[in-house]
file structure31.txt (compact mmCIF, N, CA and C atoms)
# COMPACT_ATOMS: atom_id res chain seq x y z
N MET A 1 28.42 -34.60 -19.35
CA MET A 1 28.09 -33.40 -20.09
C MET A 1 27.88 -32.22 -19.14
N VAL A 2 27.24 -32.46 -18.03
CA VAL A 2 26.99 -31.40 -17.07
C VAL A 2 28.31 -30.93 -16.45
N ILE A 3 29.21 -31.86 -16.16
CA ILE A 3 30.49 -31.49 -15.57
C ILE A 3 31.29 -30.64 -16.54
N THR A 4 31.24 -30.97 -17.83
CA THR A 4 31.94 -30.18 -18.84
C THR A 4 31.37 -28.77 -18.90
N SER A 5 30.07 -28.66 -18.86
CA SER A 5 29.43 -27.34 -18.90
C SER A 5 29.80 -26.50 -17.69
N ILE A 6 29.79 -27.12 -16.53
CA ILE A 6 30.15 -26.40 -15.30
C ILE A 6 31.61 -25.99 -15.34
N SER A 7 32.47 -26.88 -15.82
CA SER A 7 33.89 -26.56 -15.91
C SER A 7 34.14 -25.41 -16.87
N LEU A 8 33.49 -25.43 -18.03
CA LEU A 8 33.64 -24.34 -18.98
C LEU A 8 33.08 -23.03 -18.43
N PHE A 9 32.01 -23.09 -17.68
CA PHE A 9 31.46 -21.89 -17.06
C PHE A 9 32.43 -21.29 -16.06
N ILE A 10 33.01 -22.13 -15.22
CA ILE A 10 33.98 -21.65 -14.23
C ILE A 10 35.22 -21.10 -14.93
N TYR A 11 35.67 -21.78 -15.98
CA TYR A 11 36.81 -21.30 -16.78
C TYR A 11 36.49 -19.94 -17.39
N GLY A 12 35.28 -19.80 -17.90
CA GLY A 12 34.87 -18.53 -18.50
C GLY A 12 34.83 -17.40 -17.49
N ILE A 13 34.37 -17.69 -16.28
CA ILE A 13 34.34 -16.67 -15.23
C ILE A 13 35.76 -16.21 -14.91
N GLY A 14 36.68 -17.16 -14.76
CA GLY A 14 38.07 -16.80 -14.47
C GLY A 14 38.70 -16.00 -15.60
N THR A 15 38.40 -16.39 -16.84
CA THR A 15 38.97 -15.70 -17.99
C THR A 15 38.42 -14.28 -18.12
N VAL A 16 37.12 -14.13 -18.01
CA VAL A 16 36.50 -12.81 -18.14
C VAL A 16 36.96 -11.89 -17.01
N THR A 17 37.07 -12.42 -15.81
CA THR A 17 37.53 -11.62 -14.69
C THR A 17 38.95 -11.13 -14.92
N SER A 18 39.84 -12.02 -15.35
CA SER A 18 41.22 -11.60 -15.57
C SER A 18 41.33 -10.66 -16.76
N LEU A 19 40.52 -10.87 -17.79
CA LEU A 19 40.51 -9.93 -18.92
C LEU A 19 40.06 -8.54 -18.49
N ALA A 20 39.00 -8.49 -17.70
CA ALA A 20 38.50 -7.20 -17.24
C ALA A 20 39.53 -6.49 -16.37
N MET A 21 40.15 -7.22 -15.46
CA MET A 21 41.14 -6.60 -14.58
C MET A 21 42.35 -6.10 -15.37
N THR A 22 42.80 -6.87 -16.35
CA THR A 22 43.94 -6.47 -17.16
C THR A 22 43.60 -5.25 -18.00
N TYR A 23 42.40 -5.23 -18.59
CA TYR A 23 41.99 -4.10 -19.40
C TYR A 23 41.85 -2.83 -18.56
N ILE A 24 41.21 -2.96 -17.40
CA ILE A 24 41.00 -1.80 -16.52
C ILE A 24 42.34 -1.25 -16.03
N GLU A 25 43.27 -2.15 -15.70
CA GLU A 25 44.59 -1.70 -15.25
C GLU A 25 45.29 -0.89 -16.34
N GLY A 26 45.22 -1.38 -17.58
CA GLY A 26 45.84 -0.63 -18.68
C GLY A 26 45.14 0.68 -18.96
N ALA A 27 43.80 0.69 -18.84
CA ALA A 27 43.04 1.91 -19.10
C ALA A 27 43.30 2.96 -18.03
N ARG A 28 43.46 2.55 -16.79
CA ARG A 28 43.75 3.52 -15.71
C ARG A 28 45.11 4.17 -15.87
N ARG A 29 46.04 3.44 -16.39
CA ARG A 29 47.39 3.97 -16.57
C ARG A 29 47.55 4.69 -17.91
N ASP A 30 46.49 4.75 -18.69
CA ASP A 30 46.52 5.36 -20.02
C ASP A 30 47.64 4.80 -20.88
N LYS A 31 47.80 3.50 -20.81
CA LYS A 31 48.84 2.86 -21.60
C LYS A 31 48.36 2.62 -23.03
N SER A 32 49.32 2.68 -23.93
CA SER A 32 48.99 2.34 -25.32
C SER A 32 49.03 0.81 -25.45
N TRP A 33 48.56 0.33 -26.56
CA TRP A 33 48.51 -1.10 -26.79
C TRP A 33 49.86 -1.59 -27.27
N ASP A 34 50.79 -1.75 -26.33
CA ASP A 34 52.12 -2.24 -26.67
C ASP A 34 52.16 -3.77 -26.57
N PHE A 35 53.33 -4.33 -26.80
CA PHE A 35 53.51 -5.79 -26.80
C PHE A 35 53.10 -6.40 -25.46
N TYR A 36 53.49 -5.78 -24.35
CA TYR A 36 53.24 -6.34 -23.03
C TYR A 36 51.75 -6.33 -22.67
N ARG A 37 51.06 -5.30 -23.08
CA ARG A 37 49.63 -5.24 -22.77
C ARG A 37 48.87 -6.27 -23.59
N VAL A 38 49.21 -6.42 -24.86
CA VAL A 38 48.55 -7.43 -25.71
C VAL A 38 48.88 -8.83 -25.20
N THR A 39 50.14 -9.05 -24.81
CA THR A 39 50.53 -10.36 -24.27
C THR A 39 49.75 -10.67 -22.99
N GLY A 40 49.57 -9.68 -22.13
CA GLY A 40 48.79 -9.87 -20.91
C GLY A 40 47.35 -10.26 -21.20
N ILE A 41 46.76 -9.62 -22.20
CA ILE A 41 45.39 -9.95 -22.58
C ILE A 41 45.32 -11.37 -23.13
N VAL A 42 46.28 -11.76 -23.97
CA VAL A 42 46.28 -13.11 -24.54
C VAL A 42 46.49 -14.16 -23.45
N LEU A 43 47.38 -13.89 -22.51
CA LEU A 43 47.66 -14.86 -21.44
C LEU A 43 46.47 -15.05 -20.50
N CYS A 44 45.55 -14.11 -20.48
CA CYS A 44 44.34 -14.27 -19.66
C CYS A 44 43.53 -15.50 -20.08
N PHE A 45 43.66 -15.90 -21.34
CA PHE A 45 42.92 -17.07 -21.81
C PHE A 45 43.58 -18.38 -21.38
N PHE A 46 44.86 -18.34 -21.01
CA PHE A 46 45.59 -19.58 -20.74
C PHE A 46 45.86 -19.85 -19.27
N TRP A 47 45.90 -18.83 -18.42
CA TRP A 47 46.30 -19.09 -17.03
C TRP A 47 45.29 -19.95 -16.28
N PRO A 48 43.97 -19.90 -16.55
CA PRO A 48 43.08 -20.80 -15.81
C PRO A 48 43.37 -22.28 -16.06
N VAL A 49 43.99 -22.61 -17.18
CA VAL A 49 44.35 -24.00 -17.45
C VAL A 49 45.46 -24.45 -16.50
N LEU A 50 46.32 -23.54 -16.12
CA LEU A 50 47.46 -23.89 -15.27
C LEU A 50 47.05 -24.21 -13.83
N VAL A 51 45.96 -23.65 -13.36
CA VAL A 51 45.54 -23.88 -11.97
C VAL A 51 45.18 -25.35 -11.73
N PRO A 52 44.31 -25.98 -12.54
CA PRO A 52 44.05 -27.41 -12.31
C PRO A 52 45.28 -28.28 -12.52
N LEU A 53 46.14 -27.90 -13.47
CA LEU A 53 47.36 -28.68 -13.68
C LEU A 53 48.27 -28.61 -12.46
N LEU A 54 48.35 -27.44 -11.84
CA LEU A 54 49.15 -27.29 -10.62
C LEU A 54 48.57 -28.12 -9.49
N VAL A 55 47.26 -28.14 -9.37
CA VAL A 55 46.61 -28.94 -8.32
C VAL A 55 46.88 -30.43 -8.55
N LEU A 56 46.76 -30.88 -9.80
CA LEU A 56 47.03 -32.29 -10.09
C LEU A 56 48.49 -32.64 -9.84
N ALA A 57 49.41 -31.77 -10.24
CA ALA A 57 50.83 -32.04 -10.03
C ALA A 57 51.15 -32.11 -8.54
N THR A 58 50.53 -31.24 -7.75
CA THR A 58 50.74 -31.26 -6.31
C THR A 58 50.17 -32.53 -5.70
N ALA A 59 49.00 -32.94 -6.16
CA ALA A 59 48.38 -34.16 -5.63
C ALA A 59 49.23 -35.38 -5.94
N PHE A 60 49.70 -35.49 -7.18
CA PHE A 60 50.53 -36.64 -7.55
C PHE A 60 51.88 -36.60 -6.86
N SER A 61 52.41 -35.41 -6.64
CA SER A 61 53.70 -35.28 -5.97
C SER A 61 53.58 -35.72 -4.50
N SER A 62 52.53 -35.31 -3.83
CA SER A 62 52.37 -35.71 -2.43
C SER A 62 52.05 -37.19 -2.33
N PHE A 63 51.35 -37.76 -3.32
CA PHE A 63 51.07 -39.19 -3.32
C PHE A 63 52.37 -39.98 -3.45
N GLY A 64 53.26 -39.53 -4.33
CA GLY A 64 54.55 -40.20 -4.48
C GLY A 64 55.40 -40.07 -3.24
N LEU A 65 55.32 -38.93 -2.57
CA LEU A 65 56.08 -38.73 -1.34
C LEU A 65 55.59 -39.68 -0.25
N GLN A 66 54.28 -39.88 -0.16
CA GLN A 66 53.73 -40.79 0.83
C GLN A 66 54.15 -42.23 0.54
N LYS A 67 54.22 -42.61 -0.72
CA LYS A 67 54.64 -43.96 -1.07
C LYS A 67 56.10 -44.19 -0.69
N ARG A 68 56.94 -43.18 -0.90
CA ARG A 68 58.36 -43.32 -0.55
C ARG A 68 58.54 -43.43 0.95
N ARG A 69 57.75 -42.68 1.71
CA ARG A 69 57.87 -42.73 3.17
C ARG A 69 57.42 -44.08 3.72
N ALA A 70 56.47 -44.71 3.06
CA ALA A 70 55.94 -45.98 3.53
C ALA A 70 56.86 -47.15 3.19
N SER A 71 57.76 -46.97 2.26
CA SER A 71 58.64 -48.05 1.84
C SER A 71 59.82 -48.17 2.79
N PRO A 72 60.02 -49.33 3.44
CA PRO A 72 61.13 -49.48 4.39
C PRO A 72 62.49 -49.54 3.68
N MET A 73 62.52 -49.85 2.40
CA MET A 73 63.78 -49.96 1.68
C MET A 73 64.39 -48.60 1.37
N SER A 74 63.59 -47.54 1.41
CA SER A 74 64.10 -46.23 1.02
C SER A 74 64.83 -45.52 2.15
N PHE A 75 64.66 -45.99 3.40
CA PHE A 75 65.29 -45.33 4.52
C PHE A 75 66.77 -45.64 4.56
N GLY A 76 67.58 -44.64 4.71
CA GLY A 76 69.02 -44.84 4.85
C GLY A 76 69.75 -45.02 3.54
N ARG A 77 69.06 -45.03 2.44
CA ARG A 77 69.73 -45.20 1.14
C ARG A 77 69.73 -43.85 0.43
N GLN A 78 70.75 -43.11 0.65
CA GLN A 78 70.88 -41.83 -0.01
C GLN A 78 72.10 -41.85 -0.88
N LYS A 79 71.97 -41.28 -2.06
CA LYS A 79 73.11 -41.25 -2.97
C LYS A 79 74.05 -40.13 -2.55
N THR A 80 75.31 -40.41 -2.63
CA THR A 80 76.32 -39.39 -2.36
C THR A 80 77.22 -39.23 -3.57
N LEU A 81 77.95 -38.17 -3.60
CA LEU A 81 78.84 -37.91 -4.73
C LEU A 81 80.18 -38.60 -4.56
N GLY A 82 80.46 -39.19 -3.45
CA GLY A 82 81.77 -39.76 -3.19
C GLY A 82 81.89 -41.12 -3.57

call {"tool": "encode", "arguments": {"input": "structure31.txt", "output": "structure tokens"}}
result
Amino acid sequence: MVITSISLFIYGIGTVTSLAMTYIEGARRDKSWDFYRVTGIVLCFFWPVLVPLLVLATAFSSFGLQKRRASPMSFGRQKTLG
């Protein structure tokens, strides 16, 4: 329960920070609320989810690479088009 609360708090900090930066950027440029500005605001809620997914994908990818390097059967067996 505590880990969930901490995770949601960190997610909220990232979301609020990106929302504030996106809003301030649009306000400084005196932009109207067009499709791209609204899309940027909406995407602020989703990008923090991608960061842990990227970390997990990188971790699993490097783990698989280490397993392939340790396997003696994988050396010298490369597929060719011929």

call {"tool": "atom_distance", "arguments": {"input": "structure31.txt", "atom1": "CA of Tyr11 in chain A", "atom2": "CA of Val49 in chain A"}}
result
8.0 Å

call {"tool": "axis_aligned_box", "arguments": {"input": "structure31.txt", "around": "range 3-9 of chain A", "padding_each_side": "3 Å", "output": "JSON"}}
result
{"center_x": 31.7, "center_y": -26.6, "center_z": -17.1, "size_x": 10.9, "size_y": 16.6, "size_z": 9.7}

call {"tool": "atom_distance", "arguments": {"input": "structure31.txt", "atom1": "CA of Thr39 in chain A", "atom2": "CA of Gly14 in chain A"}}
result
17.1 Å

call {"tool": "closest_residue", "arguments": {"input": "structure31.txt", "among": "A:Ile41, A:Leu56, A:Pro48, A:Ile13", "to": "Glu25 in chain A", "atoms": "only C-alpha atoms"}}
result
A:Ile41

call {"tool": "atom_distance", "arguments": {"input": "structure31.txt", "atom1": "atom C of Phe9 in chain A", "atom2": "CA of Phe60 in chain A"}}
result
25.2 Å
